[in-house]
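> One structure, as structure tokens, below. Some questions next.
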2 protein chains.
Amino acid sequence: MPPFAPSARSKVEPFIAMEVLADAVRREAEGHRVIRMEVGQPGAPAPTPVIAAAHAAITGKLGYTEALGIRPLRLAIAEHYARTYRVSVDPDRIAITAGSSGAFSLAFLAAFDVGARVAVPTPGYPAYRNLLGALGLEAVAIETTAETRWTLTPAMIEKVHAEKPLAGVLVASPANPTGTMYSAESLRSLSEVCDDLGLRFISDEIYHGLVFAGTEATALAFSDNAIVVNSFSKYYCMTGWRIGWMVLPEALVKPVDRLAQNLYLSNNEISQKAAVAAFDPRSLAYLDGVKASYAVNRAHLLQELPAIGFDDLLPVDGAFYVYASVRRFSNDSVDFTRRMLLEAGVAATPGPDFDSRRGSGYMRFSFAGSEADIVEAVQRIGGWLRRG
Amino acid sequence: MPPFAPSARSKVEPFIAMEVLADAVRREAEGHRVIRMEVGQPGAPAPTPVIAAAHAAITGKLGYTEALGIRPLRLAIAEHYARTYRVSVDPDRIAITAGSSGAFSLAFLAAFDVGARVAVPTPGYPAYRNLLGALGLEAVAIETTAETRWTLTPAMIEKVHAEKPLAGVLVASPANPTGTMYSAESLRSLSEVCDDLGLRFISDEIYHGLVFAGTEATALAFSDNAIVVNSFSKYYCMTGWRIGWMVLPEALVKPVDRLAQNLYLSNNEISQKAAVAAFDPRSLAYLDGVKASYAVNRAHLLQELPAIGFDDLLPVDGAFYVYASVRRFSNDSVDFTRRMLLEAGVAATPGPDFDSRRGSGYMRFSFAGSEADIVEAVQRIGGWLRRG
């Protein structure tokens, strides 16, 4: 390596989504109206009790907290598991993190040494593989298809592990961008095959609470070895607050505590205190209202996108994305997305961010925005496709 | 590695300071009054304009920001360099991070690949070596002594690099726990030898603004290859807000941007908006008052600690620590610290956190608390030593 060159591990692929975002912001700055369906964040603000708790926190004394997070928040999350899933979780096993991203860094460092192989499904969230790579781990992409409803199966894991040993498996349910959800039974079978093979199972449950078909299950119900990651960014509408959590197997609590002390000492205390109020009944009532608005958006897209020609949509069991084939219009979704932004004024994310091999045939729409925007977006895209 | 064992790299040494902290909290919970000189955080709250800006931010719209941070904060930091150091910094080279800890993670990942060796002085801040280790890097401890006023010299770096090549050098000025500061000339010579040898120079400037002897220089004045890390936690009294920054060489901006997108997407937006107000003239006037109170504490300790028997103190040019020899009383500072907490009700940090080989002869007092506490602490310790 020449002197002063960036490290090889910093050469992660950039998010095309971020380029789309920059293009969208530029178009807006030029005075054009752009409907923003490229970002995976709620348009709604945080619940009122959260905002009130934050004001109170700022007025009070602030400082370093315990590295794993303030006790009241860890207790509130444990109660959430008891209430929502009827699963008993020792609050000592809960680590508060800077969003789910902060949880993944710690989980990967605590569970895996340099060189370990971790299976992730594609299409999938690109930060998984980039973060694994940056931390000296190998992301092993396993392609999923409509045949298994875009989920990993125990047989796929056994096959890949037999070819060359894995150390862990990471899945999200509901998943970004596919929207697909693992049934309780399929999640159980995945966590069991991981336990049998001695692989660390990591369950990304960040889109829990945003489920429109079926009921989400937590991997905590099936294995004591699983690491479960979650966040206040999606269902709880607290993106900008950068606060999340993970539930750890006993044996990883102290390692994560030590790593957290060295990686970041402690988390933002304002966000920690505010997040306790996210479980207030008034917060949950508000958040269910936000979710109901997503359901309206989802129903509109599932009816209208096929009507304007997007007739190959993936399941949208949960999360707030529609991952759609664009092959009827183009073999290059990056180009298609760019033209759609310029000519129709609608921003979306091209598929290669999520699936390097097959993504050029797909794009992702987020429906976390307002109903009016979603309706207008479909009209704009429909008109543009008819003109085109 | 057996299945489900924590990774080898998670076996970082725990901070003894954290155990002292836990002991201190337990004593307080039992109804004892403990004077807390073990924590490196300001007792004073954040400046009023910062708190007002935070209230305003919470009331407004929040979401993901640019990964490298909001523009107004990057501009305010660039102005800070122009105003304070007469150094021109392109705001595009500034990355906003979750405290200095967040900056170090990104800097190490962007600059170094697995296996690289990075020199750090001892005594020194323990998270450097632990974080380097967790990220697959080798911390090469170079012992400093009173002979060089506890600073690294170019000759030391040349010698260690000749034995086995280094990839980088990390120093803090003023330093924790030694309080020692590099003169502008010595900082220049260090950064020059690093440039000559092709080593990445990382300058931890977190204690800038808290200087009581001499004037602090920034490495930005001497090299375009240096990475400069800073934070709002110390001088700016914003510990619990977890917000800091680094200034990057051009070539590392895009790598850090890509890594940040994958490691944490973006930083807490409330803290980012609040931190802009830390440079408000009213904030700076308040913070200079806080610093003046540290100066009183420092003067008191420098006079009174020798009077009660601590006659071997390291320089306290800056930061808010006194690193003192305890050899006159004990060869085991961990035991000495524990007894001082139990019997005198004063918490401090034993030396082994900072220097595994020689630290048993030292302890660190933080003087970031109130003047009344510092006065009482010396009285208590003095009485205890006389009784002992």
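Residues in the structure tokens are numbered from 1 in each chain, the chains being A, B, ... in the order shown, and ligands are numbered from 1 in the order shown.
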With only C-alpha atoms considered, list every residue of chain A at most 7 Å from chain B, as a ChimeraX atom specification.

/A:3-4,6-12,14,45,51,55,58,61-64,101-102,105,109-113,127,130-131,134-135,198-200,239-242,251-252,255,258-259,262-264,267-269

> Residues of segment 158-248 of chain A in helix (DSSP H, G or I) according to DSSP, as a ChimeraX atom specification?

/A:158-163,184-197,219-221,239-241

> Please, could you write that set of residues out with N, CA and C atoms as a PDB file, in the first residue's frame?


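File out29.pdb, as written:
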```pdb
ATOM      1  N   GLU A 158     -27.270 -24.834   4.940  1.00  0.00           N
ATOM      2  CA  GLU A 158     -26.490 -26.082   5.025  1.00  0.00           C
ATOM      3  C   GLU A 158     -25.578 -26.240   3.816  1.00  0.00           C
ATOM      4  N   LYS A 159     -26.101 -25.921   2.642  1.00  0.00           N
ATOM      5  CA  LYS A 159     -25.332 -26.091   1.412  1.00  0.00           C
ATOM      6  C   LYS A 159     -24.115 -25.153   1.401  1.00  0.00           C
ATOM      7  N   VAL A 160     -24.343 -23.895   1.693  1.00  0.00           N
ATOM      8  CA  VAL A 160     -23.252 -22.912   1.674  1.00  0.00           C
ATOM      9  C   VAL A 160     -22.215 -23.241   2.752  1.00  0.00           C
ATOM     10  N   HIS A 161     -22.690 -23.644   3.912  1.00  0.00           N
ATOM     11  CA  HIS A 161     -21.800 -23.987   5.030  1.00  0.00           C
ATOM     12  C   HIS A 161     -20.960 -25.219   4.692  1.00  0.00           C
ATOM     13  N   ALA A 162     -21.562 -26.170   3.957  1.00  0.00           N
ATOM     14  CA  ALA A 162     -20.827 -27.389   3.589  1.00  0.00           C
ATOM     15  C   ALA A 162     -19.725 -27.067   2.587  1.00  0.00           C
ATOM     16  N   GLU A 163     -19.968 -26.095   1.718  1.00  0.00           N
ATOM     17  CA  GLU A 163     -18.953 -25.718   0.720  1.00  0.00           C
ATOM     18  C   GLU A 163     -17.745 -25.094   1.404  1.00  0.00           C
ATOM     19  N   ALA A 184     -43.253 -17.487  11.700  1.00  0.00           N
ATOM     20  CA  ALA A 184     -42.666 -17.961  12.956  1.00  0.00           C
ATOM     21  C   ALA A 184     -41.982 -19.318  12.715  1.00  0.00           C
ATOM     22  N   GLU A 185     -42.647 -20.159  11.947  1.00  0.00           N
ATOM     23  CA  GLU A 185     -42.118 -21.501  11.707  1.00  0.00           C
ATOM     24  C   GLU A 185     -40.799 -21.449  10.927  1.00  0.00           C
ATOM     25  N   SER A 186     -40.726 -20.584   9.911  1.00  0.00           N
ATOM     26  CA  SER A 186     -39.499 -20.519   9.107  1.00  0.00           C
ATOM     27  C   SER A 186     -38.373 -19.855   9.903  1.00  0.00           C
ATOM     28  N   LEU A 187     -38.712 -18.881  10.747  1.00  0.00           N
ATOM     29  CA  LEU A 187     -37.688 -18.255  11.581  1.00  0.00           C
ATOM     30  C   LEU A 187     -37.150 -19.277  12.588  1.00  0.00           C
ATOM     31  N   ARG A 188     -38.055 -20.065  13.127  1.00  0.00           N
ATOM     32  CA  ARG A 188     -37.631 -21.106  14.064  1.00  0.00           C
ATOM     33  C   ARG A 188     -36.697 -22.110  13.368  1.00  0.00           C
ATOM     34  N   SER A 189     -37.055 -22.529  12.172  1.00  0.00           N
ATOM     35  CA  SER A 189     -36.229 -23.538  11.499  1.00  0.00           C
ATOM     36  C   SER A 189     -34.856 -22.959  11.141  1.00  0.00           C
ATOM     37  N   LEU A 190     -34.826 -21.674  10.779  1.00  0.00           N
ATOM     38  CA  LEU A 190     -33.531 -21.033  10.499  1.00  0.00           C
ATOM     39  C   LEU A 190     -32.666 -20.972  11.760  1.00  0.00           C
ATOM     40  N   SER A 191     -33.266 -20.541  12.864  1.00  0.00           N
ATOM     41  CA  SER A 191     -32.462 -20.400  14.075  1.00  0.00           C
ATOM     42  C   SER A 191     -32.031 -21.780  14.571  1.00  0.00           C
ATOM     43  N   GLU A 192     -32.860 -22.792  14.348  1.00  0.00           N
ATOM     44  CA  GLU A 192     -32.484 -24.150  14.773  1.00  0.00           C
ATOM     45  C   GLU A 192     -31.325 -24.694  13.942  1.00  0.00           C
ATOM     46  N   VAL A 193     -31.368 -24.470  12.631  1.00  0.00           N
ATOM     47  CA  VAL A 193     -30.263 -24.990  11.813  1.00  0.00           C
ATOM     48  C   VAL A 193     -28.967 -24.256  12.192  1.00  0.00           C
ATOM     49  N   CYS A 194     -29.066 -22.991  12.522  1.00  0.00           N
ATOM     50  CA  CYS A 194     -27.877 -22.257  12.962  1.00  0.00           C
ATOM     51  C   CYS A 194     -27.363 -22.828  14.279  1.00  0.00           C
ATOM     52  N   ASP A 195     -28.264 -23.077  15.230  1.00  0.00           N
ATOM     53  CA  ASP A 195     -27.838 -23.669  16.505  1.00  0.00           C
ATOM     54  C   ASP A 195     -27.188 -25.033  16.275  1.00  0.00           C
ATOM     55  N   ASP A 196     -27.778 -25.834  15.391  1.00  0.00           N
ATOM     56  CA  ASP A 196     -27.232 -27.172  15.125  1.00  0.00           C
ATOM     57  C   ASP A 196     -25.833 -27.091  14.523  1.00  0.00           C
ATOM     58  N   LEU A 197     -25.649 -26.141  13.612  1.00  0.00           N
ATOM     59  CA  LEU A 197     -24.363 -26.037  12.910  1.00  0.00           C
ATOM     60  C   LEU A 197     -23.352 -25.190  13.683  1.00  0.00           C
ATOM     61  N   ALA A 219     -36.813 -13.743  16.933  1.00  0.00           N
ATOM     62  CA  ALA A 219     -35.912 -14.888  17.062  1.00  0.00           C
ATOM     63  C   ALA A 219     -35.622 -15.220  18.524  1.00  0.00           C
ATOM     64  N   LEU A 220     -35.886 -14.265  19.413  1.00  0.00           N
ATOM     65  CA  LEU A 220     -35.678 -14.517  20.842  1.00  0.00           C
ATOM     66  C   LEU A 220     -36.544 -15.668  21.337  1.00  0.00           C
ATOM     67  N   ALA A 221     -37.657 -15.907  20.651  1.00  0.00           N
ATOM     68  CA  ALA A 221     -38.565 -16.966  21.074  1.00  0.00           C
ATOM     69  C   ALA A 221     -37.986 -18.348  20.783  1.00  0.00           C
ATOM     70  N   THR A 239     -35.865   8.513  13.480  1.00  0.00           N
ATOM     71  CA  THR A 239     -34.667   8.396  12.647  1.00  0.00           C
ATOM     72  C   THR A 239     -33.512   9.281  13.104  1.00  0.00           C
ATOM     73  N   GLY A 240     -33.791  10.576  13.210  1.00  0.00           N
ATOM     74  CA  GLY A 240     -32.722  11.550  13.467  1.00  0.00           C
ATOM     75  C   GLY A 240     -32.155  11.461  14.872  1.00  0.00           C
ATOM     76  N   TRP A 241     -32.787  10.634  15.711  1.00  0.00           N
ATOM     77  CA  TRP A 241     -32.364  10.528  17.105  1.00  0.00           C
ATOM     78  C   TRP A 241     -31.261   9.490  17.283  1.00  0.00           C
TER      79      TRP A 241
END
```

> Write out as a PyMOL selection string all residues of segment 47-284 of chain A that backbone DSSP assigns to strand (DSSP E or B).

chain A and resi 94-97+117-122+138-143+168-172+200-204+211+227-231+244-247

> Keeping C-alpha atoms, export the residues of the selection given above as a PDB file, in the first residue's frame.


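Printed below is selection_12.pdb as written:
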```pdb
ATOM      1  CA  ILE A  94     -30.266  -5.486  26.313  1.00  0.00           C
ATOM      2  CA  ALA A  95     -27.678  -3.078  24.902  1.00  0.00           C
ATOM      3  CA  ILE A  96     -28.710   0.420  23.814  1.00  0.00           C
ATOM      4  CA  THR A  97     -26.979   1.452  20.580  1.00  0.00           C
ATOM      5  CA  ARG A 117     -17.868 -15.727   6.883  1.00  0.00           C
ATOM      6  CA  VAL A 118     -21.389 -14.448   7.464  1.00  0.00           C
ATOM      7  CA  ALA A 119     -24.271 -15.355   5.152  1.00  0.00           C
ATOM      8  CA  VAL A 120     -26.690 -12.613   4.090  1.00  0.00           C
ATOM      9  CA  PRO A 121     -29.591 -12.938   1.621  1.00  0.00           C
ATOM     10  CA  THR A 122     -29.792 -10.909  -1.577  1.00  0.00           C
ATOM     11  CA  GLU A 138     -16.643 -11.857   4.579  1.00  0.00           C
ATOM     12  CA  ALA A 139     -20.264 -11.333   3.577  1.00  0.00           C
ATOM     13  CA  VAL A 140     -21.462 -14.462   1.752  1.00  0.00           C
ATOM     14  CA  ALA A 141     -24.389 -13.447  -0.422  1.00  0.00           C
ATOM     15  CA  ILE A 142     -27.074 -16.097  -0.896  1.00  0.00           C
ATOM     16  CA  GLU A 143     -29.493 -15.304  -3.681  1.00  0.00           C
ATOM     17  CA  GLY A 168     -22.985 -16.694  11.182  1.00  0.00           C
ATOM     18  CA  VAL A 169     -26.205 -15.935   9.329  1.00  0.00           C
ATOM     19  CA  LEU A 170     -27.974 -12.576   9.204  1.00  0.00           C
ATOM     20  CA  VAL A 171     -31.563 -12.132   8.090  1.00  0.00           C
ATOM     21  CA  ALA A 172     -34.103  -9.316   8.335  1.00  0.00           C
ATOM     22  CA  ARG A 200     -24.428 -17.291  15.168  1.00  0.00           C
ATOM     23  CA  PHE A 201     -27.914 -16.257  14.055  1.00  0.00           C
ATOM     24  CA  ILE A 202     -28.460 -12.494  13.814  1.00  0.00           C
ATOM     25  CA  SER A 203     -32.056 -11.353  13.388  1.00  0.00           C
ATOM     26  CA  ASP A 204     -32.661  -7.806  12.156  1.00  0.00           C
ATOM     27  CA  VAL A 211     -46.393  -5.576   9.286  1.00  0.00           C
ATOM     28  CA  ILE A 227     -28.599 -11.737  18.483  1.00  0.00           C
ATOM     29  CA  VAL A 228     -31.678  -9.593  17.872  1.00  0.00           C
ATOM     30  CA  VAL A 229     -31.259  -6.055  16.516  1.00  0.00           C
ATOM     31  CA  ASN A 230     -33.921  -3.359  16.561  1.00  0.00           C
ATOM     32  CA  SER A 231     -34.190   0.424  16.423  1.00  0.00           C
ATOM     33  CA  GLY A 244     -31.649   1.496  18.771  1.00  0.00           C
ATOM     34  CA  TRP A 245     -30.978  -1.645  20.732  1.00  0.00           C
ATOM     35  CA  MET A 246     -29.998  -5.273  20.591  1.00  0.00           C
ATOM     36  CA  VAL A 247     -30.746  -8.296  22.738  1.00  0.00           C
TER      37      VAL A 247
END
```

> Between B:Tyr235, B:Phe367, B:Tyr125, B:Phe354, which has the minimum distance to Val296 of chain B (counting only C-alpha atoms)?

B:Phe367

> What's around Ala285 of chain A at 12 Å? Count only C-alpha atoms, leave out sequence neighbours fewer than 4 positions away in its own chain, and write the answer as a list in words.

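Surrounding residues, per the criterion: Pro47, Thr48, Pro49, Tyr235, Tyr236, Ala278, Phe279, Asp280, Pro281, Gly289, Val290, Lys291 and Ala292 of chain A.
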